[in-house]
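Student: Provided herewith: start04.cif, mmCIF, C-alpha atoms and all ligand atoms.
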```cif
data_upload
loop_
_atom_site.label_atom_id
_atom_site.label_comp_id
_atom_site.auth_asym_id
_atom_site.auth_seq_id
_atom_site.Cartn_x
_atom_site.Cartn_y
_atom_site.Cartn_z
CA MET E 1 131.55 166.33 99.62
CA THR E 2 133.12 169.35 97.96
CA ASN E 3 135.99 170.85 99.97
CA ILE E 4 137.12 174.35 99.20
CA GLU E 5 140.30 175.50 100.93
CA VAL E 6 140.52 179.16 101.87
CA LYS E 7 143.94 180.59 102.72
CA THR E 8 144.04 184.14 104.03
CA ARG E 9 146.90 185.97 105.72
CA VAL E 10 145.45 185.23 109.15
CA LYS E 11 143.86 181.84 108.69
CA GLN E 12 143.45 178.72 106.58
CA TYR E 13 140.11 176.93 106.71
CA GLN E 14 137.76 174.74 104.73
CA ILE E 15 134.32 175.28 103.26
CA LYS E 16 132.52 171.93 103.15
CA ILE E 17 129.56 171.55 100.83
CA MET E 18 127.51 168.36 101.10
CA ILE E 19 123.87 167.30 101.11
CA ASN E 20 122.93 166.36 104.71
CA SER E 21 126.22 167.67 106.12
CA LEU E 22 124.21 168.98 109.08
CA HIS E 23 123.73 165.33 110.10
CA HIS E 24 127.53 165.02 110.35
CA LEU E 25 128.13 168.40 111.99
CA GLY E 26 129.53 166.94 115.23
CA THR E 27 132.22 165.00 113.38
CA LEU E 28 133.05 167.95 111.13
CA VAL E 29 133.36 170.36 114.06
CA THR E 30 135.60 168.01 116.09
CA LYS E 31 138.11 168.18 113.23
CA VAL E 32 138.69 171.89 113.98
CA TRP E 33 137.60 172.43 117.59
CA CYS E 34 138.47 170.55 120.79
CA ALA E 35 135.74 170.17 123.46
CA ARG E 36 134.34 173.55 124.53
CA GLN E 37 131.20 175.59 125.09
CA VAL E 38 129.48 176.51 121.84
CA ALA E 39 126.93 179.31 121.42
CA VAL E 40 124.65 178.37 118.53
CA VAL E 41 123.29 181.71 117.33
CA THR E 42 120.17 181.33 115.22
CA ASP E 43 116.93 183.17 114.41
CA THR E 44 113.24 182.59 115.11
CA ASN E 45 112.63 181.04 111.65
CA VAL E 46 115.68 178.80 111.34
CA GLY E 47 115.90 177.71 114.98
CA PRO E 48 112.65 175.69 115.04
CA TYR E 49 113.80 173.70 111.98
CA TYR E 50 117.46 173.03 112.70
CA ALA E 51 118.61 174.08 116.19
CA LYS E 52 117.73 170.70 117.75
CA LEU E 53 119.60 168.71 115.11
CA VAL E 54 122.64 170.96 115.49
CA THR E 55 122.47 170.80 119.29
CA ASP E 56 122.15 166.99 119.27
CA GLU E 57 125.05 166.62 116.82
CA LEU E 58 127.36 168.91 118.82
CA THR E 59 126.36 167.46 122.19
CA ALA E 60 127.00 163.91 120.97
CA ALA E 61 130.44 165.07 119.84
CA GLY E 62 131.25 166.34 123.36
CA PHE E 63 130.44 170.05 123.10
CA LYS E 64 128.42 171.99 125.67
CA VAL E 65 125.79 173.83 123.65
CA ARG E 66 123.74 176.96 124.34
CA VAL E 67 121.25 178.12 121.71
CA MET E 68 120.85 181.91 121.46
CA THR E 69 117.94 183.01 119.28
CA VAL E 70 117.44 186.46 117.74
CA PRO E 71 114.32 187.69 115.92
CA ALA E 72 114.41 186.85 112.18
CA GLY E 73 115.04 189.84 109.94
CA GLU E 74 117.49 192.59 109.11
CA ALA E 75 116.52 194.58 112.22
CA SER E 76 118.54 192.09 114.28
CA LYS E 77 121.79 193.43 112.83
CA SER E 78 121.76 196.01 115.63
CA TRP E 79 123.74 197.16 118.66
CA ALA E 80 120.85 195.92 120.81
CA GLN E 81 121.30 192.34 119.59
CA VAL E 82 125.10 192.58 119.87
CA GLN E 83 124.68 193.68 123.48
CA SER E 84 122.16 190.93 124.21
CA LEU E 85 124.36 188.18 122.74
CA ILE E 86 127.46 189.45 124.54
CA ASP E 87 125.55 189.58 127.82
CA GLN E 88 124.44 185.97 127.28
CA LEU E 89 128.00 184.83 126.46
CA SER E 90 129.35 186.58 129.51
CA ALA E 91 126.59 185.27 131.83
CA ALA E 92 127.37 181.73 130.65
CA HIS E 93 131.09 182.33 131.37
CA PHE E 94 132.22 181.92 127.78
CA SER E 95 136.01 182.24 127.67
CA ARG E 96 138.47 182.88 124.85
CA SER E 97 138.70 179.14 124.23
CA ASP E 98 134.95 178.73 123.58
CA GLY E 99 133.18 179.34 120.28
CA VAL E 100 130.25 180.77 118.33
CA LEU E 101 128.42 178.84 115.62
CA ALA E 102 126.23 180.95 113.32
CA LEU E 103 123.21 178.95 112.15
CA GLY E 104 121.12 181.08 109.82
CA GLY E 105 120.98 183.35 106.83
CA GLY E 106 123.14 186.38 106.15
CA VAL E 107 121.65 188.32 109.06
CA VAL E 108 122.67 185.71 111.65
CA GLY E 109 126.04 185.18 109.92
CA ASP E 110 126.88 188.88 109.95
CA LEU E 111 125.64 189.45 113.51
CA ALA E 112 127.12 186.33 115.13
CA GLY E 113 130.37 186.83 113.19
CA PHE E 114 130.64 190.39 114.48
CA VAL E 115 129.95 189.31 118.05
CA ALA E 116 132.56 186.52 117.80
CA SER E 117 135.08 189.04 116.47
CA ILE E 118 134.75 191.43 119.44
CA TYR E 119 133.84 189.25 122.46
CA MET E 120 137.07 188.94 124.49
CA ARG E 121 138.86 190.46 121.47
CA GLY E 122 137.74 187.55 119.32
CA ILE E 123 136.63 183.97 119.93
CA ALA E 124 136.42 181.07 117.50
CA LEU E 125 133.68 181.08 114.86
CA ILE E 126 132.02 178.51 112.60
CA GLN E 127 129.53 179.50 109.91
CA VAL E 128 126.61 177.22 109.04
CA PRO E 129 124.72 179.28 106.44
CA THR E 130 121.10 178.26 105.87
CA SER E 131 119.81 180.60 103.12
CA LEU E 132 121.00 180.30 99.52
CA LEU E 133 122.33 183.86 99.68
CA ALA E 134 124.35 183.05 102.78
CA GLN E 135 125.58 179.75 101.32
CA VAL E 136 126.91 181.36 98.13
CA ASP E 137 127.86 184.78 99.39
CA SER E 138 127.78 186.10 102.93
CA SER E 139 129.40 183.08 104.65
CA VAL E 140 132.44 183.32 102.35
CA GLY E 141 134.96 186.10 102.69
CA GLY E 142 134.99 186.93 106.38
CA LYS E 143 132.97 190.15 106.32
CA THR E 144 130.79 190.72 109.39
CA ALA E 145 128.55 193.69 110.10
CA ILE E 146 125.64 195.32 111.84
CA ASP E 147 123.54 198.25 110.61
CA LEU E 148 123.22 201.77 111.96
CA PRO E 149 120.13 204.01 111.62
CA THR E 150 122.19 205.92 109.02
CA GLY E 151 122.90 202.92 106.79
CA LYS E 152 123.49 199.21 106.31
CA ASN E 153 126.68 197.40 107.33
CA LEU E 154 128.34 200.53 108.72
CA VAL E 155 129.95 198.77 111.70
CA GLY E 156 131.79 195.50 111.26
CA SER E 157 135.01 193.60 110.91
CA PHE E 158 136.90 191.19 108.72
CA TYR E 159 136.85 187.97 110.75
CA GLN E 160 137.52 184.57 109.23
CA PRO E 161 135.78 181.45 110.60
CA ASP E 162 137.51 178.14 111.43
CA LEU E 163 135.07 176.23 109.21
CA VAL E 164 132.05 176.78 106.95
CA VAL E 165 129.57 173.91 106.62
CA ILE E 166 127.06 174.19 103.79
CA ASP E 167 124.13 171.78 103.59
CA PRO E 168 122.09 172.43 100.42
CA ALA E 169 119.37 170.02 101.70
CA ILE E 170 118.19 172.58 104.25
CA LEU E 171 117.18 174.96 101.48
CA VAL E 172 113.92 172.98 101.20
CA THR E 173 112.43 175.08 104.01
CA LEU E 174 113.57 178.38 102.52
CA PRO E 175 110.67 180.42 101.05
CA PRO E 176 110.81 180.48 97.19
CA ARG E 177 111.30 184.25 97.04
CA MET E 178 114.48 183.89 99.09
CA LEU E 179 115.63 180.98 96.94
CA ALA E 180 115.26 183.22 93.88
CA GLU E 181 117.09 186.03 95.66
CA GLY E 182 120.09 183.82 96.36
CA TYR E 183 120.01 182.56 92.78
CA GLY E 184 120.59 186.16 91.62
CA GLU E 185 123.96 186.01 93.36
CA ILE E 186 124.75 182.75 91.52
CA VAL E 187 123.88 184.41 88.19
CA LYS E 188 126.26 187.23 89.07
CA CYS E 189 129.12 184.80 89.79
CA ALA E 190 128.39 182.80 86.63
CA ALA E 191 128.40 185.95 84.49
CA LEU E 192 131.78 186.91 85.95
CA VAL E 193 133.24 183.42 85.45
CA GLY E 194 131.63 182.48 82.11
CA GLY E 195 132.30 179.08 80.48
CA ASP E 196 130.64 175.92 81.80
CA PHE E 197 129.37 177.67 84.92
CA TRP E 198 127.44 180.16 82.80
CA GLN E 199 126.22 177.42 80.46
CA SER E 200 124.92 175.36 83.39
CA LEU E 201 122.43 178.12 84.21
CA HIS E 202 120.48 177.41 81.03
CA GLN E 203 118.88 174.37 82.72
CA ILE E 204 117.36 176.62 85.42
CA THR E 205 114.05 177.71 83.98
CA SER E 206 112.01 177.92 87.19
CA VAL E 207 112.52 178.48 90.91
CA ALA E 208 111.81 174.77 91.46
CA ALA E 209 114.76 173.88 89.21
CA ILE E 210 117.20 175.68 91.55
CA LEU E 211 117.03 173.11 94.36
CA PRO E 212 118.27 169.99 92.51
CA ALA E 213 121.06 172.00 90.90
CA ALA E 214 121.95 173.80 94.14
CA PRO E 215 124.95 171.68 95.25
CA ASP E 216 126.84 172.25 91.98
CA LEU E 217 125.82 175.89 91.67
CA ILE E 218 126.84 176.59 95.27
CA ALA E 219 130.19 174.83 94.80
CA ALA E 220 130.96 176.82 91.63
CA SER E 221 129.95 180.14 93.23
CA VAL E 222 131.85 179.52 96.46
CA ALA E 223 134.97 178.37 94.58
CA PHE E 224 134.90 181.59 92.57
CA LYS E 225 134.28 183.84 95.55
CA ALA E 226 136.98 182.09 97.62
CA ARG E 227 139.47 182.59 94.78
CA VAL E 228 138.71 186.30 94.57
CA VAL E 229 138.75 186.77 98.35
CA MET E 230 142.09 184.97 98.69
CA ALA E 231 143.60 187.30 96.09
CA ASP E 232 142.21 190.43 97.75
CA GLU E 233 141.13 189.83 101.34
CA HIS E 234 140.37 193.45 102.22
CA GLU E 235 138.68 194.61 99.03
CA GLN E 236 141.49 196.76 97.66
CA GLY E 237 141.44 195.48 94.08
CA GLN E 238 139.92 192.47 92.30
CA ARG E 239 137.39 191.83 95.08
CA GLN E 240 135.56 194.86 93.72
CA LEU E 241 134.48 192.63 90.82
CA LEU E 242 132.05 191.01 93.26
CA ASN E 243 130.23 194.35 93.35
CA PHE E 244 128.98 193.71 89.81
CA GLY E 245 125.39 194.97 89.73
CA HIS E 246 125.63 196.49 93.20
CA THR E 247 126.21 200.12 92.21
CA ILE E 248 122.77 200.45 90.67
CA GLY E 249 121.37 197.71 92.92
CA HIS E 250 122.04 199.66 96.12
CA ALA E 251 120.31 202.73 94.70
CA VAL E 252 117.30 200.65 93.60
CA GLU E 253 117.14 198.95 97.02
CA LEU E 254 117.12 202.32 98.75
CA LEU E 255 114.45 203.77 96.47
CA ALA E 256 112.29 200.64 96.83
CA ASP E 257 112.05 201.46 100.55
CA GLY E 258 111.85 197.88 101.81
CA GLN E 259 109.69 196.52 98.97
CA LEU E 260 112.63 194.78 97.26
CA MET E 261 115.06 192.35 98.86
CA HIS E 262 118.78 193.05 98.48
CA GLY E 263 119.31 190.25 95.94
CA GLU E 264 116.30 191.36 93.89
CA ALA E 265 117.65 194.91 93.69
CA VAL E 266 121.08 193.60 92.70
CA ALA E 267 119.52 191.43 89.97
CA ILE E 268 117.91 194.57 88.54
CA GLY E 269 121.30 196.28 88.87
CA LEU E 270 123.00 193.48 86.88
CA VAL E 271 120.67 193.88 83.94
CA GLN E 272 120.79 197.67 84.00
CA VAL E 273 124.57 197.92 84.23
CA CYS E 274 124.86 195.68 81.16
CA ARG E 275 122.44 197.96 79.31
CA LEU E 276 124.33 201.04 80.44
CA PHE E 277 127.71 199.84 79.25
CA ALA E 278 126.23 198.42 76.08
CA ALA E 279 124.86 201.89 75.35
CA HIS E 280 128.37 203.27 75.75
CA GLY E 281 129.79 200.75 73.32
CA LEU E 282 131.92 199.04 75.98
CA ALA E 283 130.01 195.77 75.93
CA PRO E 284 128.19 194.14 73.06
CA GLN E 285 124.41 194.54 73.14
CA ALA E 286 124.28 190.73 73.23
CA VAL E 287 125.58 190.68 76.79
CA ALA E 288 122.77 192.96 77.91
CA ALA E 289 120.21 190.80 76.11
CA VAL E 290 121.51 187.56 77.68
CA MET E 291 121.54 189.09 81.15
CA GLN E 292 117.89 190.08 80.83
CA HIS E 293 117.01 186.46 80.63
CA ASP E 294 118.52 184.98 83.14
CA LYS E 295 129.39 201.71 96.01
CA LYS E 296 131.93 202.17 95.94
CA VAL E 297 133.49 205.69 95.65
CA HIS E 298 137.30 205.85 95.57
CA GLY E 299 138.45 209.45 95.68
CA THR E 300 136.19 211.24 93.22
CA ALA E 301 135.24 208.24 91.10
CA LEU E 302 132.75 205.42 91.45
CA THR E 303 134.15 202.08 90.30
CA TRP E 304 131.69 200.14 88.14
CA VAL E 305 131.98 196.53 87.12
CA TYR E 306 131.00 195.66 83.58
CA LEU E 307 131.37 192.69 81.23
CA SER E 308 132.91 193.01 77.78
CA ALA E 309 131.60 189.44 77.35
CA VAL E 310 130.26 186.79 79.72
CA GLY E 311 133.26 185.75 81.84
CA GLN E 312 135.24 188.92 81.10
CA PRO E 313 134.61 191.45 83.86
CA HIS E 314 136.36 194.81 84.12
CA LEU E 315 136.55 197.63 86.64
CA TYR E 316 135.62 201.03 85.24
CA PRO E 317 135.89 204.21 87.31
CA ILE E 318 133.47 206.99 86.41
CA ALA E 319 133.97 210.47 87.86
CA VAL E 320 131.18 211.22 90.28
CA THR E 321 130.59 214.47 88.38
CA ASP E 322 129.87 212.50 85.18
CA LEU E 323 127.47 210.03 86.80
CA ALA E 324 124.28 211.93 85.99
CA THR E 325 125.11 211.89 82.29
CA TRP E 326 125.86 208.16 82.44
CA MET E 327 122.70 207.39 84.35
CA GLY E 328 120.69 209.47 81.90
CA ASP E 329 121.89 207.17 79.15
CA LEU E 330 120.91 204.16 81.23
CA TRP E 331 117.25 205.05 81.43
CA SER E 332 117.11 205.96 77.71
CA VAL E 333 118.25 202.43 76.72
CA SER E 334 115.27 200.10 76.49
N1 LIG T 1 129.00 189.39 104.95
C1 LIG T 1 128.85 189.42 103.64
O1 LIG T 1 129.79 189.30 102.88
C2 LIG T 1 127.46 189.59 103.09
C3 LIG T 1 127.22 189.41 101.72
C4 LIG T 1 125.93 189.53 101.24
C5 LIG T 1 124.88 189.81 102.11
N2 LIG T 1 125.14 189.99 103.43
C6 LIG T 1 124.07 190.29 104.38
O2 LIG T 1 123.20 189.16 104.41
C7 LIG T 1 121.89 189.58 104.78
C8 LIG T 1 120.89 188.94 103.85
O3 LIG T 1 121.02 187.55 103.97
P1 LIG T 1 119.75 186.59 103.79
O4 LIG T 1 119.09 186.88 102.52
O5 LIG T 1 120.21 185.21 104.10
O6 LIG T 1 118.77 187.17 104.91
P2 LIG T 1 118.22 186.53 106.27
O7 LIG T 1 119.30 186.07 107.14
O8 LIG T 1 117.28 187.54 106.81
O9 LIG T 1 117.43 185.24 105.76
C9 LIG T 1 116.30 185.42 104.96
C10 LIG T 1 115.08 184.80 105.62
O10 LIG T 1 115.12 183.40 105.43
C11 LIG T 1 115.01 182.74 106.68
N3 LIG T 1 115.78 181.51 106.53
C12 LIG T 1 117.11 181.40 106.35
N4 LIG T 1 117.44 180.12 106.11
C13 LIG T 1 116.30 179.41 106.14
C14 LIG T 1 115.99 178.03 105.94
N5 LIG T 1 116.90 177.12 105.61
N6 LIG T 1 114.69 177.65 106.08
C15 LIG T 1 113.72 178.58 106.37
N7 LIG T 1 113.96 179.89 106.52
C16 LIG T 1 115.23 180.29 106.42
C17 LIG T 1 115.49 183.73 107.70
O11 LIG T 1 114.97 183.47 108.98
C18 LIG T 1 114.98 185.04 107.12
O12 LIG T 1 113.63 185.20 107.45
C19 LIG T 1 121.89 191.10 104.71
O13 LIG T 1 121.95 191.62 106.02
C20 LIG T 1 123.17 191.42 103.97
O14 LIG T 1 123.72 192.68 104.35
C21 LIG T 1 126.41 189.88 103.93
#
```
As structure tokens, what does this structure read like?
Ligand SMILES: NC(=O)c1ccc[n+]([C@@H]2O[C@H](COP(=O)([O-])OP(=O)(O)OC[C@H]3O[C@@H](n4cnc5c(N)ncnc54)[C@H](O)[C@@H]3O)[C@@H](O)[C@H]2O)c1
Tutor:
Amino acid sequence: MTNIEVKTRVKQYQIKIMINSLHHLGTLVTKVWCARQVAVVTDTNVGPYYAKLVTDELTAAGFKVRVMTVPAGEASKSWAQVQSLIDQLSAAHFSRSDGVLALGGGVVGDLAGFVASIYMRGIALIQVPTSLLAQVDSSVGGKTAIDLPTGKNLVGSFYQPDLVVIDPAILVTLPPRMLAEGYGEIVKCAALVGGDFWQSLHQITSVAAILPAAPDLIAASVAFKARVVMADEHEQGQRQLLNFGHTIGHAVELLADGQLMHGEAVAIGLVQVCRLFAAHGLAPQAVAAVMQHDKKVHGTALTWVYLSAVGQPHLYPIAVTDLATWMGDLWSVS
């Protein structure tokens, strides 16, 4: 079992990474929660695989469990689902001393986390991420959100869980496209960290090779993200490094109009940002070449993240008025 300790201003908690940790969930949860009602929030894909195991584990450990299932997919990050979950919590007389356990990918984690943060001004939360993206990214850092018709993640909160339990074994049921999407996030972390972490990616030459390596790759990614989040909980400074690839990625995702998943768009963004900065002489061309193989506006500038070498990220503000020129250079680099 890999234990990663997260200390924020408001809370200290552990991220536990272990194959088959779901089979020990009851014991793990009793270490942080006394007996209480637990709402297990899941979706229509994940629930049929894992809700029974989670319910059995928690019930055997003395918790009173209610499973609340939302439709799978981004559309569930909505006010309608927030309202529905809050109505269910209230109808079941959930009090401030009860808890929410998010069992699912990033959608369930963001939605259930947001609901936990506002129901009765905040009740206890545990994250059990089930997609690779959620295991390496969205379950770490305490960001919760729902979408508005005008844009993604526009309503949300910073809300830290009491525990994160990551079981890489449950990735076996994740569709390969989603496994590859989550791997893009691992590549991003490895490029920012460099060293052994980056080197370890050379053994991943197919989607099938991700699964056996997943426990180590998840541990390295989560350790990195936790370090960055602890240093900058509310995204004022260094946490912006995690946006590497996202500036272009968000634009690509928008233009793809639902044809590309978030992680796929960000992977394209990673490669293109390396090309862009290479073209401006700020990163060696080699970095751009290696990356091929494998939004934030502050005032009047957009802060980009680039690598001067693998493992050496930098923040680089570009005036919004100069962006068109910079982007022009991007598309002229082949
Ligand atoms: N809070 C954050 O810091 C943060 C960071 C990155 C992304 N996000 C958010 O995360 C969401 C994307 O996350 P995602 O890619 O996990 O999407 P998702 O939650 O929609 O999961 C992807 C799909 O895989 C299914 N699934 C998940 N785990 C499974 C498993 N073990 N077996 C079978 N099917 C499984 C889901 O039902 C869904 O159909 C976006 O809404 C994004 O905004 C949040």
Student: Mind running chain E against ligand LIG 1 (chain T) at 8 Å and telling me each contacting residue's nearest atom pair with the distance in Å (one decimal), counting all atoms listed in the file, chain and number ascending, as JSON lines?
Tutor:
```
{"residue": "E:Asp43", "atom": "CA", "partner": "T:LIG1", "partner_atom": "O11", "distance": 5.8}
{"residue": "E:Thr44", "atom": "CA", "partner": "T:LIG1", "partner_atom": "O11", "distance": 6.4}
{"residue": "E:Asn45", "atom": "CA", "partner": "T:LIG1", "partner_atom": "O11", "distance": 4.3}
{"residue": "E:Val46", "atom": "CA", "partner": "T:LIG1", "partner_atom": "C16", "distance": 5.2}
{"residue": "E:Tyr49", "atom": "CA", "partner": "T:LIG1", "partner_atom": "N6", "distance": 7.2}
{"residue": "E:Ala72", "atom": "CA", "partner": "T:LIG1", "partner_atom": "O11", "distance": 4.7}
{"residue": "E:Gly73", "atom": "CA", "partner": "T:LIG1", "partner_atom": "O8", "distance": 4.5}
{"residue": "E:Glu74", "atom": "CA", "partner": "T:LIG1", "partner_atom": "O13", "distance": 5.5}
{"residue": "E:Lys77", "atom": "CA", "partner": "T:LIG1", "partner_atom": "O13", "distance": 7.0}
{"residue": "E:Gly104", "atom": "CA", "partner": "T:LIG1", "partner_atom": "C12", "distance": 5.3}
{"residue": "E:Gly105", "atom": "CA", "partner": "T:LIG1", "partner_atom": "O7", "distance": 3.2}
{"residue": "E:Gly106", "atom": "CA", "partner": "T:LIG1", "partner_atom": "O3", "distance": 3.3}
{"residue": "E:Val107", "atom": "CA", "partner": "T:LIG1", "partner_atom": "O7", "distance": 3.8}
{"residue": "E:Val108", "atom": "CA", "partner": "T:LIG1", "partner_atom": "O7", "distance": 5.6}
{"residue": "E:Gly109", "atom": "CA", "partner": "T:LIG1", "partner_atom": "N1", "distance": 7.2}
{"residue": "E:Asp110", "atom": "CA", "partner": "T:LIG1", "partner_atom": "N1", "distance": 5.5}
{"residue": "E:Pro129", "atom": "CA", "partner": "T:LIG1", "partner_atom": "N4", "distance": 7.3}
{"residue": "E:Thr130", "atom": "CA", "partner": "T:LIG1", "partner_atom": "N4", "distance": 4.1}
{"residue": "E:Ser131", "atom": "CA", "partner": "T:LIG1", "partner_atom": "N4", "distance": 3.8}
{"residue": "E:Leu132", "atom": "CA", "partner": "T:LIG1", "partner_atom": "O5", "distance": 6.8}
{"residue": "E:Leu133", "atom": "CA", "partner": "T:LIG1", "partner_atom": "O5", "distance": 5.1}
{"residue": "E:Ala134", "atom": "CA", "partner": "T:LIG1", "partner_atom": "O5", "distance": 4.9}
{"residue": "E:Asp137", "atom": "CA", "partner": "T:LIG1", "partner_atom": "C3", "distance": 5.2}
{"residue": "E:Ser138", "atom": "CA", "partner": "T:LIG1", "partner_atom": "C2", "distance": 3.5}
{"residue": "E:Ser139", "atom": "CA", "partner": "T:LIG1", "partner_atom": "N1", "distance": 6.3}
{"residue": "E:Val140", "atom": "CA", "partner": "T:LIG1", "partner_atom": "O1", "distance": 6.6}
{"residue": "E:Gly141", "atom": "CA", "partner": "T:LIG1", "partner_atom": "O1", "distance": 6.1}
{"residue": "E:Gly142", "atom": "CA", "partner": "T:LIG1", "partner_atom": "N1", "distance": 6.6}
{"residue": "E:Lys143", "atom": "CA", "partner": "T:LIG1", "partner_atom": "N1", "distance": 4.3}
{"residue": "E:Thr144", "atom": "CA", "partner": "T:LIG1", "partner_atom": "N1", "distance": 5.0}
{"residue": "E:Ala145", "atom": "CA", "partner": "T:LIG1", "partner_atom": "N1", "distance": 6.7}
{"residue": "E:Ile146", "atom": "CA", "partner": "T:LIG1", "partner_atom": "O13", "distance": 7.8}
{"residue": "E:Lys152", "atom": "CA", "partner": "T:LIG1", "partner_atom": "O14", "distance": 6.8}
{"residue": "E:Asn153", "atom": "CA", "partner": "T:LIG1", "partner_atom": "O14", "distance": 6.3}
{"residue": "E:Ile170", "atom": "CA", "partner": "T:LIG1", "partner_atom": "N5", "distance": 4.9}
{"residue": "E:Leu171", "atom": "CA", "partner": "T:LIG1", "partner_atom": "N5", "distance": 4.7}
{"residue": "E:Val172", "atom": "CA", "partner": "T:LIG1", "partner_atom": "N5", "distance": 6.7}
{"residue": "E:Thr173", "atom": "CA", "partner": "T:LIG1", "partner_atom": "N6", "distance": 4.0}
{"residue": "E:Leu174", "atom": "CA", "partner": "T:LIG1", "partner_atom": "N6", "distance": 3.8}
{"residue": "E:Pro175", "atom": "CA", "partner": "T:LIG1", "partner_atom": "C15", "distance": 6.4}
{"residue": "E:Met178", "atom": "CA", "partner": "T:LIG1", "partner_atom": "C9", "distance": 6.3}
{"residue": "E:Glu181", "atom": "CA", "partner": "T:LIG1", "partner_atom": "O4", "distance": 7.2}
{"residue": "E:Gly182", "atom": "CA", "partner": "T:LIG1", "partner_atom": "O4", "distance": 7.0}
{"residue": "E:Met261", "atom": "CA", "partner": "T:LIG1", "partner_atom": "O4", "distance": 7.7}
{"residue": "E:His262", "atom": "CA", "partner": "T:LIG1", "partner_atom": "C8", "distance": 7.1}
{"residue": "E:Gly263", "atom": "CA", "partner": "T:LIG1", "partner_atom": "O4", "distance": 7.4}
```
Student: My list of candidates is E:Met18, E:Val29, E:Val41, E:Ala80. Which is closest to Ala61 of chain E when distances are computed with all atoms listed in the file?
Tutor: E:Val29
Student: Identify which of the residues E:Val100, E:Val38, E:Val128, E:Leu148 lies closest to Ala75 of chain E, counting only C-alpha atoms when measuring atom-to-atom distances.
Tutor: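 Going through E:Val100, E:Val38, E:Val128, E:Leu148 one by one, the smallest distance to Ala75 of chain E is for E:Leu148.
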Student: Skip Gln127 of chain E itself and residues of its chain fewer than 3 positions away, then list as a ChimeraX atom specification all residues within 6 Å of it, counting only C-alpha atoms.
Tutor: /E:101-102,164
Student: Rounded to one decimal in Å, what is the spacing between atom CA of Arg96 of chain E and atom CA of His23 of chain E?
Tutor: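 Computing it gives 27.3 Å between the two atoms.
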Student: Could you check how far atom CA of Lys188 of chain E sits from atom CA of Leu241 of chain E, in Å to one decimal?
Tutor: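 We find that atom CA of Lys188 of chain E and atom CA of Leu241 of chain E lie 10.0 Å from each other.
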Student: Between E:Ala231, E:Leu125, E:Ala208, E:Val82, which is the closest to Tyr13 of chain E once you count all atoms listed in the file?
Tutor: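 Distance minimum relative to Tyr13 of chain E lands on E:Leu125.
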Student: Just give me the gap between atom CA of Ala301 of chain E and atom CA of Phe158 of chain E in Å, one decimal is fine.
Tutor: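 Separation between atom CA of Ala301 of chain E and atom CA of Phe158 of chain E: 24.6 Å.
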Student: Just checking: using all atoms listed in the file, which residue out of E:Thr42, E:Ser157, E:Thr69, E:Asn3 ends up closest to His234 of chain E?
Tutor: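 Checking each candidate against His234 of chain E, we get E:Ser157 as the closest.
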Student: With distances taken over only C-alpha atoms, which of E:Arg239, E:Ala112, E:Ile218, E:Gly258 is nearest to Val165 of chain E?
Tutor: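 Closest to Val165 of chain E, using only C-alpha atoms: E:Ile218.
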Student: Looking at only C-alpha atoms, which of E:Ile318, E:Val252, E:Leu307, E:Val10 is the one that sits closest to Pro161 of chain E?
Tutor: E:Val10
Student: So which residues touch Tyr306 of chain E within 8 Å, counting all atoms listed in the file, skipping near sequence neighbours fewer than 5 positions away, as a list in words?
Tutor: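 The neighbour list is Phe244, Val273, Cys274, Phe277, Ala283, Pro313, His314, Leu315 and Tyr316 of chain E.
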Student: Can you list, as a list in words, every protein, DNA or RNA residue that comes within 10 Å of segment 84-94 of chain E when you count all atoms listed in the file, leaving out same-chain residues fewer than 6 positions away?
Tutor: Arg36, Gln37, Val38, Ala39, Val41, Arg66, Met68, Thr69, Val70, Ser78, Val100, Leu111, Ala112, Val115, Ala116, Ile118, Tyr119, Met120 and Ile123 of chain E
Student: Take the point (127.3, 164.1, 117.0) as written in the file and pick out every residue within 10 Å of it, counting all atoms listed in the file; give the list as number ranges by chain.
Tutor: E: 22-30, 53-63
